[in-house]
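Below you'll find the structure, written out as structure tokens, and then a few comments.
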There are 2 protein chains.
Amino acid sequence: MEGEPTLRLRIFNLNCWAIRYLSKRRQQRVRLIGDTLRQEGFDLVLLQEVWSEQDYSELKVKLAGCYPFSHYFRSGVIGSGLCVFSRFPILDMLLYQYSLNGYPYMLQHGDWFCGKSVGLGLGGFAGSRAGVRAPLLSLSLQLHAEYCRDKDAYLPHRLVQAWELAQFIRHTSKAADVVLLGGDLNMHPEDVGIRLLRGWTGLQDAFAEAMHFEGCKNGCTLVPDNCFTDKSELLPFPLGIRIDYILYKAISSFTVKCEELKTTTGRAPGVDIPFSDHEAVMATLHIQRQGQPAGATLGTADPALADVVTEARAEVGAGLRAARRQRYSSGRMAVLALLLLLLQAAAALATLAGLGAEQPFPKLSFCLLAFLALGVLVLATGLHLFHTMEVKMLHGTEDQMWMVLRALQERP
Amino acid sequence: MEGEPTLRLRIFNLNCWAIRYLSKRRQQRVRLIGDTLRQEGFDLVLLQEVWSEQDYSELKVKLAGCYPFSHYFRSGVIGSGLCVFSRFPILDMLLYQYSLNGYPYMLQHGDWFCGKSVGLGLGGFAGSRAGVRAPLLSLSLQLHAEYCRDKDAYLPHRLVQAWELAQFIRHTSKAADVVLLGGDLNMHPEDVGIRLLRGWTGLQDAFAEAMHFEGCKNGCTLVPDNCFTDKSELLPFPLGIRIDYILYKAISSFTVKCEELKTTTGRAPGVDIPFSDHEAVMATLHIQRQGQPAGATLGTADPALADVVTEARAEVGAGLRAARRQRYSSGRMAVLALLLLLLQAAAALATLAGLGAEQPFPKLSFCLLAFLALGVLVLATGLHLFHTMEVKMLHGTEDQMWMVLRALQERP
């Protein structure tokens, strides 16, 4: 076994926080990221929150020499923000948009407009020196942000996303030898969504598996030392939190080991400012061919998996009940607005017919009221449609989880 | 080879046209469909346009004996309309929603509200008598409808859907032995979307391959003999059109042959009314294990494929230009409405400040105008956001097609 050739793969993952007009010192940071990537010469670079295509184009031009293959994933109103740079050919691409991603009317959170997705790149990675060839499935992604940990209204959406992501990986990774996932999962390591994703796909956490680690304590990627982080958000976590991950697994006759994991520590190496408000995560993986196929490693038989799915299903169920309540109240609001409009129409007709002609007709307030009712009707109908979709998707996910739970319970 | 055991698989596919309150004699037809399915005992039933979950539940109860496994796919405002009934266990499920599916403001067409999707069921089909076990990927789907063939505004959307469908099949079918697809593709057999789907996935058309065929001429599934079809739509096609398909392919060491294909002929067998406004398609397939693996059969090296992708890309490009024009004009409309509102605000302020006090202030028309401008602003902004998403998705698909074209041209 020791004599088998090894492919050494260096991966860089970063949430770039490159929002035009909003992110501080964006252009300087994007230049810095480009320079570092060119100098360091990674094999695979997974970036998130590159919201402007112009930033991507600049990076592409700068990195064309050392990363000849790249892809930018387009989706949503603003974009997915995801891009991939690779030293090895990217053979095929697929973008999967999560079915739920926040609410369009939560403008201040903006997740809905981003069309958050997972971008899949299928690459043929050839370790020329070692003679290893491994079709590799690499995923770059971002899940819905957590805005308030104590009262996290987006938890069901994030769980639906984690579930869809896990299902997507299970269904698309069958032909790959190695699956790599890098991204801002917006979840702490012990959160139910991470446990669900890891349990249901068998992905391993590079931080937990690394033989050597260097960087922020506990592998945190949102740290108070970073001058761009929101300090009030980190008050309950004085050391910071870990929400950016590199996960991996070998599917067929390969083994993957994490030799080293590094994070930046509040600033980019050798300069005064950080790459982003998140820390970069850099992993060095060893991919080696095994003697015999490892067998079906998808769908781990972890006995705790049923518990995790049950827990996640309960959260999705709570989200479903909340969505149903919202669907009901928006529907009721629409009906009330419609009734008001009908009442007004009746009053107007009665006036036209000469009834109550002794009193002056209050044209202005009548018009104002009618427009108000019309506005409420349009908005409430839109909300009702939106929450109906939300109910459908949450219900569908709950169903799928139930099916999986039944299969898990029947298995032993 | 002749001695290898064979699995005989009977498949039923139907667009049920079961829209609550709108479809004629819906309940009677759904009962009829249930009765027929119970009597005939197919192995796999793929249904589309079962819009009401109640209809699905009724079918499920009725068919529980002969089809113990079933799934209803939830998505969109109304639902996906897709469901699957199976004699063999359904092991896993995945729903992929197309990124583009018409326009929300085309209420009369309604496709947008349906959340059109492809539902994937992974089943383990065991032919107990023959000893064949084949993991089988079955897909039930519906693409965007064609409302006007001469001036088909939805062609780019349908092509994006066909492309996403093909990509989805390529990425998810790697572990399956056999892929089966049944659905209302809303495309004629020679249309570019069908050629793209078949060329890029290698799927075979059961009608073209069938050793024995029985049913409407040319395999048509929308025929004038059916009392529910819209006769004016079929005027240019006196024999009818074929838009419902059963497609299949063997992936690994299996061969699939279509022994027989049948369609209903304007009415259900033995009764006076048809199942739906579409004809049902029924195929009998023979699945046999081959001596040696067939090798990588995905991504056919058909020399005509590059031409088909080029043709599809040109259509998507035309759609992209149209979407950009619409994005521009909705944006311009929003800006004009905003300017009008600002102008009104200035006039109101001037009046409040006492300017022009000698003239009476036209309160009513002022309010009417303000509400009109506000309404236009909201609508135009919504449209602008929608068309921005459309542009992103069309652009992304055009990019992907270009990548594939480059790979195809480099391959020989």
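Within each chain, counting starts at residue 1; across the structure tokens, chains are named A, B, ... in the order shown, with ligands numbered 1 upward in that order.
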Got a sec: who's within 8 Å of A:Pro189, counting only C-alpha atoms, leaving out chain neighbours fewer than 4 positions off, as a PDB file with C-alpha atoms, in the first residue's frame?
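Contents of around.pdb, as written:
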```pdb
ATOM      1  CA  ILE A 194     -23.834  19.993   9.649  1.00  0.00           C
ATOM      2  CA  ARG A 195     -24.490  16.725  11.422  1.00  0.00           C
ATOM      3  CA  ARG A 242     -16.203  28.167  12.568  1.00  0.00           C
ATOM      4  CA  ILE A 243     -18.653  28.318   9.664  1.00  0.00           C
TER       5      ILE A 243
END
```
I need the contact residues of chain B against chain A, so if you could list those with any atom within 8 Å, counting only C-alpha atoms, and return them as a ChimeraX atom specification, that would help.
/B:73-79,92-94,96-97,99,167-168,171-175,363-364,367-368,371,375,385-386,388-389,392-393,395-396,400,404
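Here the question is which of B:Trp51, B:Phe12, B:Phe361, B:Trp17 gets nearest to B:Tyr245 using only C-alpha atoms, and that residue is B:Phe12.
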Could you check the closest approach to A:Glu398 for each of A:Cys258, A:Val309, A:Leu383, A:Val335 and tell me which residue wins, using only C-alpha atoms?
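Looking at the shortest contact to A:Glu398, the residue is A:Val309.
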Please determine, counting only C-alpha atoms, which residue among A:Gln204, A:Gln54, A:Gln359, A:Gln161 has the shortest atom-to-atom distance to A:Val178.
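Of A:Gln204, A:Gln54, A:Gln359, A:Gln161, the one nearest A:Val178 is A:Gln204, counting only C-alpha atoms.
A straight line drawn from atom CA of B:Thr264 to atom CA of B:Phe213 is 11.5 Å long.
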I'd like the contact shell of B:Thr221 - 10 Å cut-off, only C-alpha atoms, skipping same-chain residues fewer than 2 positions apart - returned as a short mmCIF file (atom, residue, chain, number, x, y, z; two decimals) with all heavy atoms, in the first residue's frame.
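Saved to result-v2.cif:
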```cif
data_model
loop_
_atom_site.label_atom_id
_atom_site.label_comp_id
_atom_site.auth_asym_id
_atom_site.auth_seq_id
_atom_site.Cartn_x
_atom_site.Cartn_y
_atom_site.Cartn_z
N LEU B 14 -48.67 9.00 -18.65
CA LEU B 14 -49.83 9.79 -19.04
C LEU B 14 -49.78 11.19 -18.44
O LEU B 14 -49.50 11.36 -17.25
CB LEU B 14 -51.12 9.08 -18.57
CG LEU B 14 -52.44 9.83 -18.81
CD1 LEU B 14 -52.74 9.94 -20.29
CD2 LEU B 14 -53.59 9.14 -18.09
N ASN B 15 -50.07 12.17 -19.28
CA ASN B 15 -50.36 13.50 -18.81
C ASN B 15 -51.85 13.51 -18.47
O ASN B 15 -52.70 13.44 -19.37
CB ASN B 15 -50.05 14.53 -19.91
CG ASN B 15 -50.40 15.94 -19.51
OD1 ASN B 15 -51.33 16.15 -18.73
ND2 ASN B 15 -49.68 16.91 -20.03
N ASP B 184 -44.33 14.46 -20.61
CA ASP B 184 -44.87 15.34 -21.63
C ASP B 184 -43.78 16.37 -21.90
O ASP B 184 -43.62 17.31 -21.13
CB ASP B 184 -46.14 15.98 -21.11
CG ASP B 184 -46.62 17.12 -21.99
OD1 ASP B 184 -46.08 17.26 -23.10
OD2 ASP B 184 -47.54 17.84 -21.57
N GLY B 215 -51.40 1.83 -32.05
CA GLY B 215 -51.95 3.07 -31.48
C GLY B 215 -52.14 4.12 -32.56
O GLY B 215 -52.28 3.79 -33.75
N CYS B 216 -52.15 5.38 -32.16
CA CYS B 216 -52.38 6.47 -33.10
C CYS B 216 -51.24 6.52 -34.12
O CYS B 216 -50.09 6.23 -33.80
CB CYS B 216 -52.42 7.80 -32.36
SG CYS B 216 -53.74 7.90 -31.18
N LYS B 217 -51.58 6.94 -35.33
CA LYS B 217 -50.59 7.02 -36.39
C LYS B 217 -49.41 7.91 -35.96
O LYS B 217 -49.60 8.94 -35.33
CB LYS B 217 -51.24 7.58 -37.67
CG LYS B 217 -50.46 7.16 -38.88
CD LYS B 217 -51.12 7.43 -40.19
CE LYS B 217 -50.07 7.04 -41.23
NZ LYS B 217 -50.39 7.47 -42.54
N ASN B 218 -48.21 7.50 -36.30
CA ASN B 218 -46.97 8.20 -35.95
C ASN B 218 -46.77 8.33 -34.43
O ASN B 218 -45.99 9.16 -33.99
CB ASN B 218 -46.91 9.60 -36.57
CG ASN B 218 -46.96 9.55 -38.07
OD1 ASN B 218 -46.54 8.56 -38.67
ND2 ASN B 218 -47.48 10.60 -38.69
N GLY B 219 -47.50 7.57 -33.68
CA GLY B 219 -47.32 7.61 -32.23
C GLY B 219 -47.84 8.88 -31.59
O GLY B 219 -47.46 9.22 -30.47
N VAL B 223 -54.34 14.07 -30.35
CA VAL B 223 -54.98 13.72 -31.62
C VAL B 223 -56.38 14.32 -31.73
O VAL B 223 -57.05 14.52 -30.71
CB VAL B 223 -55.08 12.18 -31.78
CG1 VAL B 223 -53.70 11.57 -31.95
CG2 VAL B 223 -55.81 11.55 -30.61
N PRO B 224 -56.82 14.61 -32.96
CA PRO B 224 -58.14 15.22 -33.13
C PRO B 224 -59.28 14.30 -32.68
O PRO B 224 -60.36 14.79 -32.34
CB PRO B 224 -58.23 15.49 -34.64
CG PRO B 224 -56.84 15.34 -35.17
CD PRO B 224 -56.11 14.45 -34.24
N ASN B 226 -59.54 12.73 -30.02
CA ASN B 226 -59.78 12.86 -28.59
C ASN B 226 -60.75 14.02 -28.35
O ASN B 226 -60.51 15.14 -28.81
CB ASN B 226 -58.44 13.12 -27.89
CG ASN B 226 -58.55 13.13 -26.38
OD1 ASN B 226 -59.41 13.80 -25.82
ND2 ASN B 226 -57.68 12.38 -25.73
N GLY B 240 -52.43 14.84 -35.84
CA GLY B 240 -52.09 15.03 -34.43
C GLY B 240 -50.59 15.25 -34.26
O GLY B 240 -49.84 15.32 -35.25
N ILE B 241 -50.15 15.40 -33.01
CA ILE B 241 -48.72 15.59 -32.75
C ILE B 241 -48.26 14.64 -31.65
O ILE B 241 -49.06 14.19 -30.83
CB ILE B 241 -48.38 17.05 -32.37
CG1 ILE B 241 -49.23 17.51 -31.18
CG2 ILE B 241 -48.55 17.98 -33.54
CD1 ILE B 241 -48.92 18.93 -30.73
N ARG B 242 -46.97 14.39 -31.66
CA ARG B 242 -46.41 13.49 -30.65
C ARG B 242 -45.55 14.32 -29.69
O ARG B 242 -44.51 14.84 -30.09
CB ARG B 242 -45.55 12.43 -31.32
CG ARG B 242 -44.96 11.40 -30.35
CD ARG B 242 -44.64 10.11 -31.06
NE ARG B 242 -43.37 10.17 -31.76
CZ ARG B 242 -42.21 9.76 -31.25
NH1 ARG B 242 -42.17 9.25 -30.04
NH2 ARG B 242 -41.11 9.82 -31.94
N ILE B 243 -46.02 14.49 -28.45
CA ILE B 243 -45.24 15.29 -27.49
C ILE B 243 -45.04 14.53 -26.17
O ILE B 243 -44.33 15.01 -25.30
CB ILE B 243 -45.91 16.66 -27.21
CG1 ILE B 243 -47.33 16.50 -26.70
CG2 ILE B 243 -45.89 17.54 -28.44
CD1 ILE B 243 -47.96 17.81 -26.27
N ASP B 244 -45.65 13.35 -26.04
CA ASP B 244 -45.44 12.53 -24.83
C ASP B 244 -44.53 11.36 -25.21
O ASP B 244 -44.77 10.69 -26.21
CB ASP B 244 -46.76 12.00 -24.30
CG ASP B 244 -47.69 13.12 -23.88
OD1 ASP B 244 -48.38 13.68 -24.76
OD2 ASP B 244 -47.69 13.46 -22.70
N TYR B 245 -43.53 11.13 -24.39
CA TYR B 245 -42.50 10.17 -24.77
C TYR B 245 -42.18 9.20 -23.64
O TYR B 245 -42.33 9.53 -22.46
CB TYR B 245 -41.19 10.90 -25.10
CG TYR B 245 -41.27 11.84 -26.27
CD1 TYR B 245 -41.79 13.12 -26.12
CD2 TYR B 245 -40.81 11.45 -27.52
CE1 TYR B 245 -41.86 13.99 -27.19
CE2 TYR B 245 -40.87 12.32 -28.59
CZ TYR B 245 -41.40 13.59 -28.42
OH TYR B 245 -41.46 14.44 -29.49
N THR B 263 -50.24 3.27 -27.75
CA THR B 263 -50.88 4.48 -27.25
C THR B 263 -52.38 4.23 -27.24
O THR B 263 -52.88 3.39 -28.00
CB THR B 263 -50.60 5.72 -28.12
OG1 THR B 263 -51.31 5.57 -29.36
CG2 THR B 263 -49.13 5.91 -28.40
N THR B 264 -53.09 4.95 -26.39
CA THR B 264 -54.55 4.91 -26.50
C THR B 264 -54.93 5.71 -27.75
O THR B 264 -54.12 6.46 -28.29
CB THR B 264 -55.20 5.55 -25.26
OG1 THR B 264 -54.57 6.82 -25.03
CG2 THR B 264 -55.01 4.69 -24.04
N THR B 265 -56.15 5.52 -28.24
CA THR B 265 -56.50 6.14 -29.52
C THR B 265 -57.74 7.01 -29.38
O THR B 265 -58.80 6.72 -29.96
CB THR B 265 -56.76 5.06 -30.57
OG1 THR B 265 -57.69 4.12 -30.00
CG2 THR B 265 -55.49 4.33 -30.95
N GLY B 266 -57.63 8.05 -28.57
CA GLY B 266 -58.73 9.00 -28.46
C GLY B 266 -59.77 8.62 -27.44
O GLY B 266 -60.65 9.41 -27.13
N ASP B 277 -56.74 14.73 -22.08
CA ASP B 277 -56.64 15.28 -23.43
C ASP B 277 -55.39 14.78 -24.15
O ASP B 277 -55.27 14.93 -25.36
CB ASP B 277 -56.69 16.83 -23.40
CG ASP B 277 -55.57 17.45 -22.61
OD1 ASP B 277 -54.91 16.71 -21.84
OD2 ASP B 277 -55.34 18.66 -22.75
N HIS B 278 -54.48 14.16 -23.41
CA HIS B 278 -53.33 13.49 -24.02
C HIS B 278 -53.62 11.98 -24.08
O HIS B 278 -54.38 11.46 -23.27
CB HIS B 278 -52.07 13.69 -23.16
CG HIS B 278 -51.51 15.07 -23.23
ND1 HIS B 278 -50.25 15.33 -23.71
CD2 HIS B 278 -52.03 16.26 -22.88
CE1 HIS B 278 -50.02 16.63 -23.63
NE2 HIS B 278 -51.08 17.22 -23.13
N GLU B 279 -52.95 11.31 -25.00
CA GLU B 279 -53.07 9.85 -25.03
C GLU B 279 -52.02 9.25 -24.08
O GLU B 279 -50.95 9.83 -23.89
CB GLU B 279 -52.81 9.33 -26.46
CG GLU B 279 -53.77 9.88 -27.51
CD GLU B 279 -55.24 9.66 -27.13
OE1 GLU B 279 -55.57 8.55 -26.68
OE2 GLU B 279 -56.04 10.61 -27.27
N ALA B 280 -52.36 8.10 -23.53
CA ALA B 280 -51.40 7.41 -22.67
C ALA B 280 -50.39 6.67 -23.55
O ALA B 280 -50.71 6.25 -24.66
CB ALA B 280 -52.12 6.41 -21.78
N VAL B 281 -49.16 6.57 -23.06
CA VAL B 281 -48.12 5.81 -23.77
C VAL B 281 -47.73 4.64 -22.90
O VAL B 281 -47.43 4.81 -21.71
CB VAL B 281 -46.89 6.70 -24.06
CG1 VAL B 281 -45.87 5.96 -24.89
CG2 VAL B 281 -47.30 7.99 -24.75
#
```
